[in-house]
Every structure is written in structure tokens, then in C-alpha cells.
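Asks: Just dropping this structure here.
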Protein chains: 2
Amino acid sequence: MTIQDVARRAGVSTATVSRALALPDQVTDATRQSVMSAIRETGYTPNAAARSLRAKSTKMVLVLLPGIGNSFFTPVLNALEEVFSEGGYGVLIGYTRQNRSRETHYARVIRAGQVDGVLVVTGNVPRDEEFVAVPATVPMSLMFSELPGTAQFSVFDVANRTASATMVRYLIEQGHRRIACIPGAEGSLESDERLAGYQEALSAAGLPIDPDLIWRGASNFDFISGERAAARYFALAEKPTAVFAAADEIALGFMRALKNHGIRIPEDVSVVGFDDTEYAVHYDPALTTMRQPRTEMGRLAARDLLRRMEAKGEAVPTSHVRLPCELVIRESVRPLV
Amino acid sequence: MTIQDVARRAGVSTATVSRALALPDQVTDATRQSVMSAIRETGYTPNAAARSLRAKSTKMVLVLLPGIGNSFFTPVLNALEEVFSEGGYGVLIGYTRQNRSRETHYARVIRAGQVDGVLVVTGNVPRDEEFVAVPATVPMSLMFSELPGTAQFSVFDVANRTASATMVRYLIEQGHRRIACIPGAEGSLESDERLAGYQEALSAAGLPIDPDLIWRGASNFDFISGERAAARYFALAEKPTAVFAAADEIALGFMRALKNHGIRIPEDVSVVGFDDTEYAVHYDPALTTMRQPRTEMGRLAARDLLRRMEAKGEAVPTSHVRLPCELVIRESVRPLV
DNA sequence: ATGAAAGCGCTAACAA
DNA sequence: TTGTTAGCGCTTTCAT
């Protein structure tokens, strides 16, 4: 069923059918009626490839995720799909898996004109040379990461440093003085920022920064990193009274490892996380953490990209948004005062 | 940069460029060389829309998910993306949200020829009339659900009933006699099957099926359903010694609610789940559950669809696969013998 | 082995 | 307001 069939059936030209669909006011009521009924009778749906070829727009967005099976991104993806599909755009999903060849693959997808925009949702922006040229081709945005000195894309991130400082300050207010930190994925921006926030809060309170209490070396923000950090805890002669984990999963892994050795939380040691994933509230003890507004970030980023994709020709200024996080107090911190 | 530019630069026709790319053996080494270097110099990438229009194939797959922010599907989606992109197919993602209008939207995407295949990953197959016609257009498969009497699509599911029976039998072997069941989302196939497995195991052991111990009425396989079931537990005069939850999240929600009231697990009551999501092993106590082979299911389903999409013309028989689950014994069951 | 040419289905000038 | 027509970029007969 092509536009030809509809045109024949309605007794008009293909151009009129096209107009009846795209610019209904440029067509008389009568013809629009007959075109519409012809469409209904034939069950016609415009062919996407033909339309794309002609219109030079595919109405599709590429969403690039790291893809380490991380459920942190589930609500983000949900929000993105919601806003994009509402705006008439399809969501093409790509997992880079920190893998060069997969990045190249998706760079090619973009160059093939398969998408009208790109959203990179990850701490690691593809290093592929081919990606350098992308922003010139189609609008591209970043989520949960930043790239210094690149004004050509919008970025949506949270105030990691401020949030971490707030969290550690809360711990201090609760009377904690010896506070450890598990900063998460070594070398990532989030990790650096959250560690900086931790140090900032300690310094502001006149507390020393003890290298023995900074448990580096994690390759990810996952359970296993928390379990590994537990070994550092046990090795310590003078234990901290509180631990700030840079992600909920790290906190959960850490707590589980401690509990295996009979350590009680928060009676023996307080633990806090970062993210506020779905499981934080259901754990025992329910985890005190910083809520990242994942759904809201997704919506904002999607709407911004939508606007920039629709702006045929004229340049829309890029957005640089840093959302605050929210301290969610639950049960995993014991007041020392 | 179009195929024209490359052709001019290499001093050949566009047809030759096309052949050099698609059928390299039909071209002399010399011409292929010059075409390739022309491609490199120009940075040419074939336009996807033009290719699709001509070839009547988009090299894209639509993956339809329920989209209730459920991280159960994270590894599934991961596996799907891996296999499809390896096979040269892009993954277009769609969340139906049990919403009629969104189903219609995606039915239209399919009819527009935007995808070469469809994978419905959900217990609820779209009811939209427009979907009835889909399997005739492009191959379509089902995951984690079945539709009786439909041989035209492949289906990949787990043996829910058998797995549940195995789980309950395990509980019985551990000496439990009074076993409750939280069957999960009312009216879903998974729920029905898992409940049936529970009843089957009880009957086989000569144990009575007590309606007071079947805590129906959940609208989903989520935490809240577990919390609600806890009320049923507390209301009961004669408590069960073990509870079979039809999903890990239900089990976690249930355990958390019990612990809030000072009930210890497994000392006071044993709890088991179903799924083996990432969090099951990190909970305290680590949850005894049935592992669903989510990644493997994703791979199998993707490969099957790939095969059927590639089979230009000739009919490939559909697959009907039911994978077994694996009992994972951890800490949430107390032996009574 | 290569080229010429038709055409996939649609949209948008331009004409009428 | 409507129709005619060109052409988006590619693949694929059919000739040569």
C-alpha cells in the first residue's frame, strides 16, 4: 500500500495525499475527507524510509549507554523513551560497553544519517575520533558526565561535589569524626567529584583527611567494589565510625560483607550511599543516601534535544544543567551525639 | 558525501562502488582498491534511508517492553542489543506501558516498514487489533510470555510451573508443611503458572492446599506486593513456616515488612523468591530463589529472530523454547528437619 | 568486469 | 486548491 494506491482511490494526485496528511489546511475539507477515507480503506501507512530519504530526517534518536547491565539507567531510559516517543521520535539504543569497535559502529550509524540526534548517557564519552565530528552533523547531548571545554553539546548532570559534601556534613553533624570514603570507579568524573566533596566537607569541619580512609581502586560503582572495600575496613586498626560510599550498590555490597562478619549496621558502623536506587529503601537497614533525580534528568535532557532537533537551521543554544541531589535520611546512620 | 562523489573520485560508476561494497568478488582487485581509497578519502558512509528504501529492509528490530521501570529486563535488553548489533541490526526500543495508544503507535512503526522484526518482551502481548496483522508482515517473537494457539511466532519462556514446583518441593524437603504463596500480578500467565506449580508440589506431597495461604491480589511483581502480603501474614492466627514469593522483589518487600515488626528470617519464617535478580544475593539474608536464565533467553531469542529475518522469502519454522530454571540455595530458608 | 538506467515511496518546487 | 515533475541516494537488472 503506497501513496499511489491512496491517490488513485481518492481520485487525487499523490501530492494532495501528502498534503492532506502533512498540511491539512492547504486542502479543501472535501478532498481531505476522501483522502482520509481512502487511507482508512487501504490501511495505508507512509513508508518511513522514503520519507526519511526525502525529508532528510529520520525522527530517531540514538541513546548511547555504557551497558554494564546497570539498572541505575532504567528510570533514565524510561523517561527518555516517554518524552521522545511523545515528540514523535523513536529511540535507538546502543550499548558501548567501553569498547572501541562498538563506538565506531555507532559513529557509523550516526554518519549514515540514521538518527536526528544523539544522547550519550554515561560517564565515559566515546573517545572515537569519528565522534569528534558528530556534533557538527546532528545535535548531541551528554548525561551524567561532562566534557570540559565543549560548548557544542548540552550537558545534564548532577552537582556531585555539592551533594557529597552535604552528605558528609550530615555525617559530621551526627557526631561522626572518622569517616571513610569509597569513591567508586577510579578515574571517572563522578568518582573524582564525589571524593572532592567528601574532602571539602571534612576540611570545612577542620577534620583531617586520612589517606587510609579513602578506599580507592574500584573499577566500577558496583557490589563487588563494596565487598573489596570491606577488606580495607577489616585491615584497619582504628575503624571509622561511618563510611560514605559513592553509590548505593557499593554501599550494599559493603554492608553485606560486613554483616557476614557479624558487624551490625548502623550499631557498629554507619553507612551511606549515593543514587537512591529502588533497592536502597528496601534494604535492611534502609539506606540513607543522596537521591539523584534520574527521571527528571531524563525528561529535561530529552526535551532539550527535541528542541534542538526541531530547530531546522537556526542554532539553538546548548543547555548546561546541573541538578541538585536530595539527602534521603533513612536508617543506616547512627547518631553519635 | 554520496555514492556519486565516491564514484567520480574513483573514476567508476556508482554501480561499481555499490558492488565493491556489497559484493567484493564481482569486482577486480584494482577497482576495489581505488574505490576503497576513494571512500577513505571522502569519509563516505552509505545513507541508511536510501538503502532501506531500495532494499526494503531497515536492519532494525523493535523491542517492545512493558516499561514499568522494571530492572528485571536489564540483562535481557543487554543480551538482545549485543546479539542484534553483532548481526548488523539496530535495536529500536519501545515501552508499551500497558497503554493502548502506545501500542497503536508502535503498530504504526511496524507498518511503516521501520523495522525488519519485532520482539515482544512482556507478559502482556499488545491487544491492539493492528498487531494481529504484524506476523504476516515481519517476523515477530515473544519472550517471557506465551499466547495459546499462535504458531506464527517464536516464543521463548521459562518453565514456570516446573520451576515453582521444584522450589516448593525443596521447601517440603526442608521440613516445611505450612507454606504460603504470593503469586504476583493477578491474571498474568507467569502468576498462574507459578501458583499452579506451588499447588502441584503440595498435592504431590499429600499436603492440603489452604486458600488462606494463597495471598492473591497483587497487581505486579514488585516490592509493594510483598509489603501488602505481609499484612496477610500478620492477620493469620496459624502462621506458615515458609513463604514462596513469585518474584524476588516481592520476597524482598515481604521480608522487609516482616523485619520491621521484629520477625527474623529465616529463624521465624523462611522466604524464597523467583528470578534471581542482582539484588537477591546481596540481601541479608541472601535470598534462596529460582534463577531465570535472562541473558541466555535474550541471546536465543535474538538469534532466532535474526535467522528468521535473514531468511528472505523461504519460511523458517518458528521456535518454541521453554528453558528450565535453576534452584539457587542461599540463606533465607531454615531447615525444619 | 563494468556501465547505463530504472525505480524504491515520498515531498516540495513550480505551474496551472 | 490541485497537479506535474524532479529528485533524495541507493541497488539491481540488463547490456555491453
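Starting from 1 in every chain, residues are counted up; chains themselves are A, B, ... following the order of the C-alpha cells, and ligands are numbered from 1 as listed.
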Would you give me, as a list in words, the residues of chain A that come within 9 Å of chain D, using only C-alpha atoms (C1' of nucleotides)?

Replies: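 Only these qualify: Val12, Ser13, Thr14, Ala15, Thr16, Gln26, Val27, Thr28, Ala50, Ser52, Leu53, Arg54, Ala55 and Lys56 of chain A.
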
Asks: How would you write, as a ChimeraX atom specification, the set of residues in range 50-226 of chain A that DSSP gives as alpha helix (DSSP H)?

Replies: /A:50-55,74-86,100-111,129-132,134-137,160-173,189-204,223-226

Asks: So that I have them on file, write out the residues from the current selection with C-alpha atoms, as an mmCIF file, in the first residue's frame.

Replies:
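The result, stored in result_0.cif:
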data_model
loop_
_atom_site.group_PDB
_atom_site.id
_atom_site.type_symbol
_atom_site.label_atom_id
_atom_site.label_comp_id
_atom_site.auth_asym_id
_atom_site.auth_seq_id
_atom_site.Cartn_x
_atom_site.Cartn_y
_atom_site.Cartn_z
ATOM 1 C CA ALA A 50 11.024 7.018 1.691
ATOM 2 C CA ARG A 51 10.008 9.827 3.953
ATOM 3 C CA SER A 52 13.421 9.928 5.609
ATOM 4 C CA LEU A 53 15.231 9.920 2.319
ATOM 5 C CA ARG A 54 13.228 12.799 1.053
ATOM 6 C CA ALA A 55 12.891 14.796 4.256
ATOM 7 C CA THR A 74 16.433 2.012 33.901
ATOM 8 C CA PRO A 75 14.395 5.047 35.010
ATOM 9 C CA VAL A 76 16.504 7.283 32.793
ATOM 10 C CA LEU A 77 15.778 5.197 29.735
ATOM 11 C CA ASN A 78 12.140 5.068 30.685
ATOM 12 C CA ALA A 79 11.920 8.842 30.844
ATOM 13 C CA LEU A 80 13.799 9.270 27.593
ATOM 14 C CA GLU A 81 11.549 6.889 25.736
ATOM 15 C CA GLU A 82 8.495 8.586 27.146
ATOM 16 C CA VAL A 83 9.437 12.087 26.077
ATOM 17 C CA PHE A 84 10.933 11.156 22.734
ATOM 18 C CA SER A 85 8.101 8.959 21.594
ATOM 19 C CA GLU A 86 5.668 11.633 22.694
ATOM 20 C CA ARG A 100 36.203 0.950 20.800
ATOM 21 C CA SER A 101 34.757 -1.097 17.972
ATOM 22 C CA ARG A 102 31.234 -0.641 19.235
ATOM 23 C CA GLU A 103 31.787 3.067 19.437
ATOM 24 C CA THR A 104 32.965 3.073 15.864
ATOM 25 C CA HIS A 105 29.913 1.086 14.931
ATOM 26 C CA TYR A 106 27.601 3.689 16.414
ATOM 27 C CA ALA A 107 29.609 6.541 14.959
ATOM 28 C CA ARG A 108 28.818 4.970 11.615
ATOM 29 C CA VAL A 109 25.133 4.756 12.436
ATOM 30 C CA ILE A 110 25.183 8.477 13.011
ATOM 31 C CA ARG A 111 27.109 9.233 9.851
ATOM 32 C CA GLU A 129 37.845 10.084 16.520
ATOM 33 C CA GLU A 130 34.738 9.685 14.461
ATOM 34 C CA PHE A 131 32.740 11.057 17.362
ATOM 35 C CA VAL A 132 34.557 14.335 17.294
ATOM 36 C CA VAL A 134 29.296 14.238 15.370
ATOM 37 C CA PRO A 135 28.088 17.491 16.935
ATOM 38 C CA ALA A 136 28.562 19.218 13.610
ATOM 39 C CA THR A 137 26.240 16.711 11.947
ATOM 40 C CA ASN A 160 28.096 15.571 42.586
ATOM 41 C CA ARG A 161 30.552 17.547 44.636
ATOM 42 C CA THR A 162 27.995 19.625 46.480
ATOM 43 C CA ALA A 163 25.821 16.596 47.134
ATOM 44 C CA SER A 164 28.709 14.591 48.526
ATOM 45 C CA ALA A 165 29.772 17.447 50.746
ATOM 46 C CA THR A 166 26.216 17.711 52.052
ATOM 47 C CA MET A 167 26.170 14.019 52.817
ATOM 48 C CA VAL A 168 29.453 14.065 54.674
ATOM 49 C CA ARG A 169 28.427 17.188 56.522
ATOM 50 C CA TYR A 170 25.318 15.320 57.668
ATOM 51 C CA LEU A 171 27.533 12.541 58.981
ATOM 52 C CA ILE A 172 29.616 15.089 60.848
ATOM 53 C CA GLU A 173 26.505 16.671 62.298
ATOM 54 C CA LEU A 189 34.474 12.181 36.789
ATOM 55 C CA GLU A 190 31.712 11.209 39.221
ATOM 56 C CA SER A 191 34.235 9.487 41.426
ATOM 57 C CA ASP A 192 36.565 12.472 41.431
ATOM 58 C CA GLU A 193 33.793 14.891 42.206
ATOM 59 C CA ARG A 194 32.277 12.842 44.977
ATOM 60 C CA LEU A 195 35.652 12.342 46.557
ATOM 61 C CA ALA A 196 36.289 16.072 46.322
ATOM 62 C CA GLY A 197 33.007 16.764 48.075
ATOM 63 C CA TYR A 198 33.965 14.370 50.844
ATOM 64 C CA GLN A 199 37.313 16.085 51.327
ATOM 65 C CA GLU A 200 35.752 19.506 51.169
ATOM 66 C CA ALA A 201 33.299 18.704 53.963
ATOM 67 C CA LEU A 202 35.997 17.248 56.171
ATOM 68 C CA SER A 203 38.252 20.236 55.678
ATOM 69 C CA ALA A 204 35.439 22.667 56.290
ATOM 70 C CA PHE A 223 28.560 -4.505 44.618
ATOM 71 C CA ILE A 224 31.965 -6.049 44.180
ATOM 72 C CA SER A 225 33.646 -2.712 44.796
ATOM 73 C CA GLY A 226 31.831 -2.532 48.096
#

Asks: Pick the closest to Ile39 in chain B from B:Arg299, B:His282, B:Arg9, B:Arg228: which is it, counting only C-alpha atoms?

Replies: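 Checking each of B:Arg299, B:His282, B:Arg9, B:Arg228 against Ile39 in chain B, counting only C-alpha atoms, the winner is B:Arg9.
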
Asks: Of the residues A:Ser270, A:Thr288, A:Thr96, A:Thr2, which is the one nearest to DG9 in chain C, using only C-alpha atoms (C1' of nucleotides)?

Replies: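 Result for the nearest residue to DG9 in chain C: A:Thr2.
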
Asks: What gap, in Å, lies between CA of Glu227 in chain B and CA of Pro285 in chain A?

Replies: 15.8 Å

Asks: Dump as a list in words the residues of chain A that approach chain B to within 6 Å, counting only C-alpha atoms.

Replies: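 Residues of chain A within 6 Å of chain B, counting only C-alpha atoms: Thr45, Pro46, Asn47, Ala48, Ala49, Ala50, Ser52, Leu53, Gly69, Ser71, Thr74, Pro75, Val91, Leu92, Ile93, Ala112 and Gln114 of chain A.
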
Asks: From the list B:Leu207, B:Ile179, B:Val271, B:Leu306, which residue is nearest Thr318 in chain B when using only C-alpha atoms?

Replies: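 With only C-alpha atoms as the atom set, the closest residue is B:Leu306.
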
Asks: If you take only C-alpha atoms (C1' of nucleotides) and a cut-off of 7 Å, which residues of chain C touch chain B, and what are their nearest atom pairs and distances in Å to one decimal, in chain and number order, as a Markdown table?

Replies:
| residue | atom | partner | partner_atom | distance |
| --- | --- | --- | --- | --- |
| C:DA1 | C1' | B:Val27 | CA | 6.3 |
| C:DT2 | C1' | B:Thr16 | CA | 6.9 |
| C:DG3 | C1' | B:Ser13 | CA | 6.3 |
| C:DC8 | C1' | B:Arg54 | CA | 4.7 |

Asks: The selected residues should be written to file as a short mmCIF file (atom, residue, chain, number, x, y, z; two decimals), in the first residue's frame (atoms: N, CA, C and O atoms (P, O5', C5', C4', C3', O3' and C1' of nucleotides)).

Replies:
data_model
loop_
_atom_site.label_atom_id
_atom_site.label_comp_id
_atom_site.auth_asym_id
_atom_site.auth_seq_id
_atom_site.Cartn_x
_atom_site.Cartn_y
_atom_site.Cartn_z
P DA C 1 34.86 -11.06 -13.22
"O5'" DA C 1 35.03 -9.53 -13.63
"C5'" DA C 1 36.29 -8.92 -13.62
"C4'" DA C 1 36.09 -7.58 -14.27
"C3'" DA C 1 35.59 -6.50 -13.32
"O3'" DA C 1 36.24 -5.28 -13.68
"C1'" DA C 1 34.01 -6.80 -15.08
P DT C 2 36.09 -3.99 -12.91
"O5'" DT C 2 34.88 -3.31 -13.68
"C5'" DT C 2 35.16 -2.45 -14.76
"C4'" DT C 2 33.87 -2.05 -15.40
"C3'" DT C 2 33.09 -0.97 -14.69
"O3'" DT C 2 33.36 0.26 -15.34
"C1'" DT C 2 31.69 -2.60 -15.71
P DG C 3 32.72 1.61 -14.77
"O5'" DG C 3 31.43 1.74 -15.69
"C5'" DG C 3 31.58 1.66 -17.10
"C4'" DG C 3 30.23 1.84 -17.77
"C3'" DG C 3 29.40 2.99 -17.20
"O3'" DG C 3 28.75 3.64 -18.29
"C1'" DG C 3 28.19 0.97 -17.02
P DC C 8 8.96 1.61 -8.43
"O5'" DC C 8 9.11 1.26 -6.87
"C5'" DC C 8 9.88 0.16 -6.41
"C4'" DC C 8 10.55 0.55 -5.11
"C3'" DC C 8 9.73 1.54 -4.30
"O3'" DC C 8 8.94 0.79 -3.36
"C1'" DC C 8 12.06 2.17 -4.41
#

Asks: Using Å and a single decimal, report how far CA of Gly262 in chain A sits from CA of Ser219 in chain A.

Replies: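 These two atoms are separated by 26.8 Å.
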
Asks: Check the DSSP output for the backbone and give back, as a PyMOL selection string, the residues of range 3-231 of chain B in strand (DSSP E or B).

Replies: chain B and resi 60-65+90-95+117-121+140-143+154-158+179-182+214

Asks: Work out how far apart CA of Asp212 in chain A and CA of Arg330 in chain A are and give it in Å to one decimal.

Replies: 27.3 Å

Asks: Could you pull the residues within 9 Å of Val243 in chain A, counting only C-alpha atoms (C1' of nucleotides), minus those fewer than 3 positions along the same chain, as number ranges by chain?

Replies: A: 178-182, 213, 240, 251, 269-273

Asks: Ranking B:Phe156, B:Gly175, B:Ser319, B:Phe234 by minimum distance to Arg294 in chain B and counting only C-alpha atoms, which one comes first?

Replies: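 Residue with the minimum atom-to-atom distance to Arg294 in chain B: B:Phe156.
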